[in-house]
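The file target.pdb contains PDB, C-alpha atoms, pLDDT in the B column:
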```pdb
ATOM      1  CA  MET R   1     105.615  92.454 109.899  1.00 93.00           C
ATOM      2  CA  THR R   2     104.619  90.571 113.029  1.00 95.00           C
ATOM      3  CA  ALA R   3     105.807  93.340 115.358  1.00 96.00           C
ATOM      4  CA  ALA R   4     104.100  95.945 113.173  1.00 97.00           C
ATOM      5  CA  TYR R   5     100.827  94.012 113.404  1.00 98.00           C
ATOM      6  CA  ASP R   6     101.189  93.494 117.164  1.00 97.00           C
ATOM      7  CA  GLU R   7     101.492  97.239 117.754  1.00 97.00           C
ATOM      8  CA  LEU R   8      98.354  98.173 115.827  1.00 98.00           C
ATOM      9  CA  SER R   9      95.385  99.256 117.915  1.00 97.00           C
ATOM     10  CA  GLU R  10      92.718  96.640 118.594  1.00 98.00           C
ATOM     11  CA  THR R  11      90.308  98.792 116.557  1.00 97.00           C
ATOM     12  CA  ILE R  12      92.522  98.621 113.475  1.00 97.00           C
ATOM     13  CA  LYS R  13      93.221  94.913 113.993  1.00 98.00           C
ATOM     14  CA  SER R  14      89.507  94.138 114.091  1.00 97.00           C
ATOM     15  CA  ARG R  15      89.018  96.259 110.960  1.00 97.00           C
ATOM     16  CA  ILE R  16      91.700  94.473 108.914  1.00 98.00           C
ATOM     17  CA  ASP R  17      91.836  90.913 110.310  1.00 97.00           C
ATOM     18  CA  ASN R  18      89.405  89.477 107.771  1.00 96.00           C
ATOM     19  CA  LEU R  19      90.189  91.654 104.769  1.00 97.00           C
ATOM     20  CA  VAL R  20      91.281  90.026 101.529  1.00 97.00           C
ATOM     21  CA  ALA R  21      93.616  91.701  99.050  1.00 96.00           C
ATOM     22  CA  VAL R  22      93.828  90.795  95.387  1.00 96.00           C
ATOM     23  CA  HIS R  23      97.447  90.490  94.258  1.00 94.00           C
ATOM     24  CA  SER R  24      98.150  90.997  90.579  1.00 93.00           C
ATOM     25  CA  TYR R  25     101.334  90.584  88.552  1.00 90.00           C
ATOM     26  CA  ASP R  26      99.707  92.789  85.919  1.00 90.00           C
ATOM     27  CA  HIS R  27      99.260  95.540  88.529  1.00 89.00           C
ATOM     28  CA  LEU R  28     102.944  95.276  89.501  1.00 88.00           C
ATOM     29  CA  ASN R  29     103.987  95.497  85.861  1.00 88.00           C
ATOM     30  CA  GLU R  30     101.871  98.614  85.334  1.00 90.00           C
ATOM     31  CA  LEU R  31     103.514 100.288  88.349  1.00 88.00           C
ATOM     32  CA  LEU R  32     106.932  99.430  86.913  1.00 88.00           C
ATOM     33  CA  ARG R  33     105.876 100.799  83.517  1.00 90.00           C
ATOM     34  CA  ARG R  34     105.081 104.164  85.122  1.00 91.00           C
ATOM     35  CA  LYS R  35     108.723 104.340  86.213  1.00 88.00           C
ATOM     36  CA  ASN R  36     110.033 102.969  82.913  1.00 90.00           C
ATOM     37  CA  PRO R  37     107.809 103.729  79.916  1.00 88.00           C
ATOM     38  CA  HIS R  38     109.964 101.428  77.753  1.00 91.00           C
ATOM     39  CA  ARG R  39     108.959  98.406  79.809  1.00 91.00           C
ATOM     40  CA  PRO R  40     106.594  96.275  77.725  1.00 92.00           C
ATOM     41  CA  PRO R  41     103.051  95.502  78.834  1.00 90.00           C
ATOM     42  CA  LEU R  42     102.449  92.076  80.271  1.00 88.00           C
ATOM     43  CA  SER R  43     101.905  89.476  77.580  1.00 91.00           C
ATOM     44  CA  ASN R  44      98.740  87.398  77.501  1.00 92.00           C
ATOM     45  CA  THR R  45     100.874  84.328  78.213  1.00 93.00           C
ATOM     46  CA  LEU R  46     102.277  85.884  81.399  1.00 89.00           C
ATOM     47  CA  ARG R  47      98.796  87.037  82.422  1.00 90.00           C
ATOM     48  CA  GLN R  48      97.576  83.455  82.090  1.00 92.00           C
ATOM     49  CA  GLU R  49     100.612  82.036  83.923  1.00 91.00           C
ATOM     50  CA  HIS R  50     100.261  84.570  86.757  1.00 90.00           C
ATOM     51  CA  PRO R  51      96.557  85.253  87.310  1.00 93.00           C
ATOM     52  CA  PRO R  52      95.423  87.485  90.185  1.00 94.00           C
ATOM     53  CA  VAL R  53      95.309  85.722  93.538  1.00 94.00           C
ATOM     54  CA  ARG R  54      93.383  86.511  96.729  1.00 95.00           C
ATOM     55  CA  ARG R  55      95.465  86.699  99.920  1.00 94.00           C
ATOM     56  CA  PRO R  56      94.636  87.760 103.469  1.00 95.00           C
ATOM     57  CA  LEU R  57      95.810  91.231 104.461  1.00 96.00           C
ATOM     58  CA  VAL R  58      96.654  89.729 107.842  1.00 97.00           C
ATOM     59  CA  ALA R  59      98.362  86.371 107.581  1.00 93.00           C
ATOM     60  CA  GLN R  60      98.770  83.782 110.286  1.00 93.00           C
ATOM     61  CA  HIS R  61     102.176  82.102 110.268  1.00 91.00           C
ATOM     62  CA  PRO R  62     101.679  78.371 109.658  1.00 88.00           C
ATOM     63  CA  VAL R  63     104.348  77.373 112.198  1.00 87.00           C
ATOM     64  CA  THR R  64     104.246  80.001 114.965  1.00 91.00           C
ATOM     65  CA  GLY R  65     100.571  80.918 114.637  1.00 93.00           C
ATOM     66  CA  LYS R  66     101.481  84.607 114.996  1.00 95.00           C
ATOM     67  CA  LYS R  67      99.649  87.175 112.896  1.00 96.00           C
ATOM     68  CA  SER R  68     101.494  89.584 110.640  1.00 96.00           C
ATOM     69  CA  LEU R  69     100.687  92.183 108.031  1.00 96.00           C
ATOM     70  CA  TYR R  70     100.954  90.817 104.516  1.00 93.00           C
ATOM     71  CA  LEU R  71     101.647  93.994 102.569  1.00 91.00           C
ATOM     72  CA  PRO R  72     103.550  93.579  99.323  1.00 89.00           C
ATOM     73  CA  ILE R  73     101.833  96.812  98.274  1.00 85.00           C
ATOM     74  CA  CYS R  74     103.213  96.868  94.739  1.00 87.00           C
ATOM     75  CA  HIS R  75     101.422  93.553  94.129  1.00 91.00           C
ATOM     76  CA  ILE R  76      98.092  94.499  95.738  1.00 95.00           C
ATOM     77  CA  GLU R  77      95.632  95.727  93.141  1.00 94.00           C
ATOM     78  CA  TYR R  78      92.722  96.244  95.532  1.00 96.00           C
ATOM     79  CA  ILE R  79      91.073  95.121  98.755  1.00 97.00           C
ATOM     80  CA  GLU R  80      87.860  93.207  98.266  1.00 97.00           C
ATOM     81  CA  ASN R  81      84.586  94.800  99.402  1.00 96.00           C
ATOM     82  CA  MET R  82      86.222  98.204  99.812  1.00 97.00           C
ATOM     83  CA  ALA R  83      86.071 101.290  97.615  1.00 97.00           C
ATOM     84  CA  ALA R  84      89.321 101.606  95.662  1.00 94.00           C
ATOM     85  CA  SER R  85      90.145 104.989  97.220  1.00 96.00           C
ATOM     86  CA  ASP R  86      89.489 103.700 100.755  1.00 97.00           C
ATOM     87  CA  GLY R  87      91.598 100.607 100.098  1.00 96.00           C
ATOM     88  CA  LYS R  88      94.470 102.705  98.795  1.00 95.00           C
ATOM     89  CA  ILE R  89      94.357 104.951 101.863  1.00 97.00           C
ATOM     90  CA  LEU R  90      94.270 101.949 104.197  1.00 98.00           C
ATOM     91  CA  LEU R  91      97.227 100.303 102.444  1.00 96.00           C
ATOM     92  CA  GLU R  92      99.234 103.534 102.582  1.00 95.00           C
ATOM     93  CA  GLU R  93      98.491 103.932 106.306  1.00 96.00           C
ATOM     94  CA  LEU R  94      99.464 100.333 107.060  1.00 97.00           C
ATOM     95  CA  GLN R  95     102.624 100.659 104.972  1.00 94.00           C
ATOM     96  CA  ALA R  96     103.617 103.884 106.752  1.00 95.00           C
ATOM     97  CA  HIS R  97     103.113 102.113 110.082  1.00 97.00           C
ATOM     98  CA  ALA R  98     105.014  98.969 109.046  1.00 95.00           C
ATOM     99  CA  VAL R  99     108.123 100.703 107.709  1.00 93.00           C
ATOM    100  CA  GLN R 100     108.778 102.790 110.805  1.00 95.00           C
ATOM    101  CA  LYS R 101     112.384 102.595 111.946  1.00 94.00           C
ATOM    102  CA  ARG R 102     111.451 100.560 115.036  1.00 95.00           C
ATOM    103  CA  PHE R 103     110.176  97.740 112.795  1.00 94.00           C
ATOM    104  CA  THR R 104     113.024  97.973 110.294  1.00 90.00           C
ATOM    105  CA  TYR R 105     116.273  96.041 110.118  1.00 89.00           C
ATOM    106  CA  PHE R 106     119.028  97.392 107.908  1.00 86.00           C
ATOM    107  CA  GLN R 107     122.047  95.224 107.144  1.00 86.00           C
ATOM    108  CA  ASN R 108     125.436  96.962 107.046  1.00 86.00           C
ATOM    109  CA  TRP R 109     127.142  94.380 104.888  1.00 82.00           C
ATOM    110  CA  ARG R 110     130.615  93.069 105.659  1.00 86.00           C
ATOM    111  CA  PRO R 111     132.481  90.236 103.934  1.00 83.00           C
ATOM    112  CA  GLY R 112     131.196  86.873 105.108  1.00 86.00           C
ATOM    113  CA  ASP R 113     127.768  88.131 106.210  1.00 88.00           C
ATOM    114  CA  LEU R 114     124.799  85.855 105.777  1.00 86.00           C
ATOM    115  CA  VAL R 115     121.226  87.053 106.180  1.00 85.00           C
ATOM    116  CA  VAL R 116     118.269  84.679 106.285  1.00 85.00           C
ATOM    117  CA  TRP R 117     114.622  85.683 106.664  1.00 85.00           C
ATOM    118  CA  ASP R 118     111.191  84.146 106.545  1.00 84.00           C
ATOM    119  CA  ASN R 119     109.330  85.632 103.580  1.00 81.00           C
ATOM    120  CA  ARG R 120     106.005  84.684 105.134  1.00 82.00           C
ATOM    121  CA  CYS R 121     106.288  87.472 107.713  1.00 85.00           C
ATOM    122  CA  THR R 122     108.857  89.873 106.280  1.00 86.00           C
ATOM    123  CA  LEU R 123     108.730  92.804 103.916  1.00 83.00           C
ATOM    124  CA  HIS R 124     112.086  93.287 102.233  1.00 77.00           C
ATOM    125  CA  ALA R 125     113.583  95.626  99.683  1.00 74.00           C
ATOM    126  CA  PRO R 126     116.974  95.990  98.006  1.00 71.00           C
ATOM    127  CA  THR R 127     119.393  98.739  98.921  1.00 72.00           C
ATOM    128  CA  LEU R 128     121.514 100.750  96.530  1.00 72.00           C
ATOM    129  CA  PHE R 129     124.576  98.845  95.434  1.00 70.00           C
ATOM    130  CA  ASP R 130     127.557 100.150  93.462  1.00 74.00           C
ATOM    131  CA  ASP R 131     128.554  97.218  91.289  1.00 74.00           C
ATOM    132  CA  GLN R 132     131.494  99.210  89.919  1.00 80.00           C
ATOM    133  CA  LEU R 133     133.122  99.299  93.361  1.00 81.00           C
ATOM    134  CA  HIS R 134     131.983  96.029  94.910  1.00 75.00           C
ATOM    135  CA  THR R 135     131.309  92.440  94.053  1.00 77.00           C
ATOM    136  CA  ARG R 136     128.241  90.800  95.501  1.00 73.00           C
ATOM    137  CA  LEU R 137     127.576  87.091  95.532  1.00 76.00           C
ATOM    138  CA  MET R 138     124.020  86.108  96.323  1.00 76.00           C
ATOM    139  CA  TYR R 139     122.214  82.806  96.482  1.00 78.00           C
ATOM    140  CA  ARG R 140     118.496  82.361  96.795  1.00 76.00           C
ATOM    141  CA  LEU R 141     117.318  79.381  98.748  1.00 75.00           C
ATOM    142  CA  THR R 142     113.646  78.519  98.617  1.00 74.00           C
ATOM    143  CA  MET R 143     112.296  76.100 101.171  1.00 70.00           C
ATOM    144  CA  THR R 144     109.218  73.993 100.711  1.00 73.00           C
ATOM    145  CA  GLY R 145     106.450  73.896 103.243  1.00 68.00           C
ATOM    146  CA  PRO R 146     103.494  75.952 104.365  1.00 63.00           C
ATOM    147  CA  GLN R 147     103.105  79.370 102.820  1.00 62.00           C
ATOM    148  CA  ILE R 148     100.526  82.125 102.991  1.00 65.00           C
ATOM    149  CA  ALA R 149      97.459  80.433 101.608  1.00 64.00           C
ATOM    150  CA  ALA R 150      95.370  81.956  98.886  1.00 62.00           C
ATOM    151  CA  VAL R 151      91.779  82.518  99.982  1.00 61.00           C
TER     152      VAL R 151
END
```
Written form, structure tokens:
Amino acid sequence: MTAAYDELSETIKSRIDNLVAVHSYDHLNELLRRKNPHRPPLSNTLRQEHPPVRRPLVAQHPVTGKKSLYLPICHIEYIENMAASDGKILLEELQAHAVQKRFTYFQNWRPGDLVVWDNRCTLHAPTLFDDQLHTRLMYRLTMTGPQIAAV
């Protein structure tokens, strides 16, 4: 997401550099419910455990200092101080820019492969996987340290 940010025009960078997005677990759950109507609504307990949080749309990496787009779109409910329709259009435009092939890495898995990434400046998504034909062993390692700060 750093390279995607770097290649934005200076006009767009100045427009988005100080924007704040509100991330909501409830919003994510509602998107998932549209795909699966049998998915239950978020419980009040989960709403309380995962309240909305404000995050910068452009994050500065705490170690490298580089700026990157912070676009987990399925979590972003809205952009503060922006009409909902304008915010949605902006997010869609930024997403379309960020997922261009030139900014995308696709892993062609082979036995023994190991992939590590920094979640603070990466947008990732799963690929289709046939669990009837293949076995996949995955470990998640979470490091402590600086993360994208809530604002």
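Checking R:Thr2, R:Thr135, R:Thr11, R:Gln48 one by one against Asn119 (chain R), counting only C-alpha atoms, you find the shortest gap at R:Thr2.
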Self-check item: 10 Å contact set for region 127-129 of chain R, only C-alpha atoms, chain neighbours under 6 positions out, as a ChimeraX atom specification
Solution: /R:106-107,135-136
Restrict the selected residues to C-alpha atoms and save them as a PDB file, keeping the file's coordinate frame.
```pdb
ATOM      1  CA  PHE R 106     119.028  97.392 107.908  1.00 86.00           C
ATOM      2  CA  GLN R 107     122.047  95.224 107.144  1.00 86.00           C
ATOM      3  CA  THR R 135     131.309  92.440  94.053  1.00 77.00           C
ATOM      4  CA  ARG R 136     128.241  90.800  95.501  1.00 73.00           C
TER       5      ARG R 136
END
```
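Straight-line separation from CA of Arg120 (chain R) to CA of Leu69 (chain R): 9.6 Å.
Atom pair CA of Asp131 (chain R) / CA of Asp113 (chain R) has a distance of 17.5 Å (rounded to one decimal).
Of the residues under consideration (R:Leu71, R:Met138, R:Leu32, R:Leu57), R:Leu71 shows the shortest atom-to-atom contact distance to Ala98 (chain R) when counting all atoms listed in the file.
Remark: for Lys88 (chain R), the closest of the candidate residues R:Val20, R:Val116, R:Ile73, R:Ile12 is R:Ile73 (distances computed over only C-alpha atoms).
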Self-check item: Selection: 12 Å around Trp117 (chain R), only C-alpha atoms, excl. self and same-chain fewer than 6 positions, as a list of chain:residue names
Solution: R:Met1, R:Tyr105, R:Leu123, R:His124, R:Arg140, R:Leu141, R:Thr142, R:Met143
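Rounded to one decimal, CA of Thr45 (chain R) and CA of Leu28 (chain R) lie 15.9 Å from each other.
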Around all the atoms of region 132-140 of chain R listed in the file, with 6 Å of room on each side, what axis-aligned box do you get, giving centre and edge lengths in Å to one decimal, as lines of an AutoDock Vina configuration file?
```
center_x = 125.8
center_y = 90.8
center_z = 93.4
size_x = 26.6
size_y = 28.9
size_z = 18.9
```
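Checking R:Val53, R:Met82, R:Val58, R:Glu30 one by one against Ser14 (chain R), counting all atoms listed in the file, you find the shortest gap at R:Val58.
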Quiz item: Can you tell me, as a ChimeraX atom specification, what residues are no more than 12 Å from Lys13 (chain R) when counting all atoms listed in the file, ignoring any on the same chain fewer than 5 positions away?
Solution: /R:4-8,18-19,57-59,67-69,94
Quiz prompt | Pick from R:Ile79, R:His38, R:Ser24, R:Asp118 nearest to Thr64 (chain R), counting all atoms listed in the file | solution = R:Asp118
Self-check item: Distance query Leu46 (chain R) at most 12 Å, all atoms listed in the file, self and fewer than 3 positions along chain excluded, as number ranges by chain
Solution: R: 24-26, 29, 40-43, 49-52
